[in-house]
Every structure is written in C-alpha cells, then in structure tokens.
Amino acid sequence: IAQTPLERRGASRLLALDKHTGATEHHHFYELPQFLRPGDCLVLNNSRVLPARLIGHRPTGGVCEVLLLTDKGEGLWECLVRPGKKLRPGDTVLVGGKLPEGITADDLAALCELIHSLGAEVTLDTAAVRPAQVERIRPLVMKPNRLELGEITGLPVERLEDCVAAARLLLRHGAERVLVSLDRDGAFLLDREGLLLARAPEVEVRSSVGAGDAMLAWFTAALLTGLPREEALCRAVAAGSAACLHYGTHAPSREEAEALLSRVGIDPAGNLPD
C-alpha cells in the first residue's frame, strides 16, 4: 500500500479486469479513457483511508507498528500489529508523537491498556493526552517538556515550582515516573521516591530537535538495566545535551553522551508530601 502519492498522480497503477474472460491486465490511470465507451457508468469512490498507523519503539531499537482497522466502539479497535507475536511480558513500548487524524486520546489509552494486558509496559512521550487518559495508560515513564506539561495538565508552568506541581498531578493520576525536560535548565525526575533536579552541561546548541527523544531513550534504557535513578537521570540529561551538538535529527553517539556525564549535576530536592 502506497504511503505517499506519486508526483504524477496519473501514473498510479490501474488493474483492469475483463468481465467476460476474467483476465487481468496492469495499466496506469492515464490510460483509463481508452476503456470507456458511450453509455458506460463510471463510479467515483471518494472515501479516504483512515491514516491510523501508530508507531512505537522498544528499548532495543526495534519498531512496533499498530494499524487501526475498524472502530468497534467504546475505545475498542480491530488492529494489525507488527511484530504480532514478539511482544512479551516485561517488554516496554514507547508511544509518542502526534496522534494520526481520526484517532483520539481515548483510542490511544485503549491501545495502551491492550499493551498492559500482554504484560508489557508503556513509556509515553506525547502532549495529546490529559490526566483522564494517563489514569488508563499508567506509563512507566512520562516525558513532557515544560510546554507540553502545561498543555497536558492545564496548569501554569512558568516557575520550577509550578512544573513540579503539574508533574505531581500526573503522578497522582497513575504515571510511575515523570521526567520533565527544561531546555538549558536541565531536567527533573519526579517519582514516589522524591524529586531529583539535574543541571545540564553548557554545550554549543546547534539544534534541539530530537533532544527529548534521546533523553527518554537513555533514561528508559538505564532504568531497565537496573541503574539507580540518579544515574539514569544523569545519563538522560547527558544524552539530551549531546543531541544538541548536531543539526537536524542526528542521534548522539554513546561516546558523545558519556563525555558529558561528569558535567551533569544532580541535586536531591526533597520527597513527595503525603
């Protein structure tokens, strides 16, 4: 199935079926007029294919693809999943980015509930959800930036104290960990153990595109390998800062990120109130 249209739309392929013999021939749409005769009925199909393909990423780098086929109602969809037989208990799926047209935050929450039913975990990196969906998704890690945090919660995020209060709201609604990137100010991690602040090293910023993705990937990988939360946060901020050294979406190398580790400062900042 074509993912994007041809530049010359008339060059799209056309399959012709002879109704008398059953024979088929391959043509192009610019040849359609040669098949038409006076009195023929030409039926135009203006239906659209639902652009409902969700892409997730596993900590190993593998891609999980979910194609939503039929809305069964009440947040239930019939889907094609690839790889369909490889999602095992203990796996972690990253769900992020903008939702496809026609897909709601409740649809996304239903998909994450299905992932949980298979014994897998979800890390979440999207501003498309609200606290009501977070309760259903129960992400292992949720990583908004400052602006996304305000969009998700509807709370002010101008000051660090405001951001922490908004992250606490997400924690109360089911997120296990909230990792918030603060651009040049670094990041903070909020979970049931308390609040950790990380100061980002000074680097020459060429582009911040992909910095949040690198931060979440390195944090999740460190978390799943059993590293302490302080070290996981430190590695996340180092990776995000290393991503800023490149133009475009170039991912930082391990050497670039590890070279910045010693320049990341971690500050404990108290525990969550009861």
# chains A, B, ... in the order shown; residues from 1 in each chain; ligands from 1

call {"tool": "residues_around", "arguments": {"residues": "Arg254 in chain A", "least_positions_apart": "5", "cutoff": "10 Å", "atoms": "only C-alpha atoms", "output": "list in words"}}
result
Trp218, Ala238, Ala239, Ala242 and Ala259 of chain A

call {"tool": "residues_around", "arguments": {"residues": "range 196-206 of chain A", "least_positions_apart": "2", "cutoff": "9 Å", "atoms": "only C-alpha atoms", "output": "ChimeraX atom specification"}}
result
/A:183-191,194,208,229-230,233-234,237-238,240-248,260-270

call {"tool": "select_by_dssp", "arguments": {"residues": "range 39-224 of chain A", "states": "strand (DSSP E or B)", "output": "PyMOL selection string"}}
result
chain A and resi 53-57+63-73+76-82+92-96+121-125+141-142+145+177-181+187-191+194-199

call {"tool": "select_by_dssp", "arguments": {"residues": "range 48-183 of chain A", "states": "alpha helix (DSSP H)", "output": "PyMOL selection string"}}
result
chain A and resi 105-117+131-137+146-153+160-172

call {"tool": "closest_residue", "arguments": {"among": "A:Lys72, A:Lys143, A:Arg136, A:Lys19", "to": "Asp106 in chain A", "atoms": "only C-alpha atoms"}}
result
A:Arg136

call {"tool": "residues_around", "arguments": {"residues": "range 118-126 of chain A", "least_positions_apart": "5", "cutoff": "8 Å", "atoms": "only C-alpha atoms", "output": "list in words"}}
result
Leu87, Arg88, Pro89, Gly90, Asp91, Thr92, Val93, Leu94, Val95, Gly96, Gly97, Lys98, Cys112, Ile137, Arg138, Pro139, Leu140, Val141, Met142, Lys143, Pro144 and Glu148 of chain A

call {"tool": "atom_distance", "arguments": {"atom1": "CA of His250 in chain A", "atom2": "CA of Val157 in chain A"}}
result
29.1 Å

call {"tool": "atom_distance", "arguments": {"atom1": "CA of Gln133 in chain A", "atom2": "CA of Gly212 in chain A"}}
result
21.6 Å
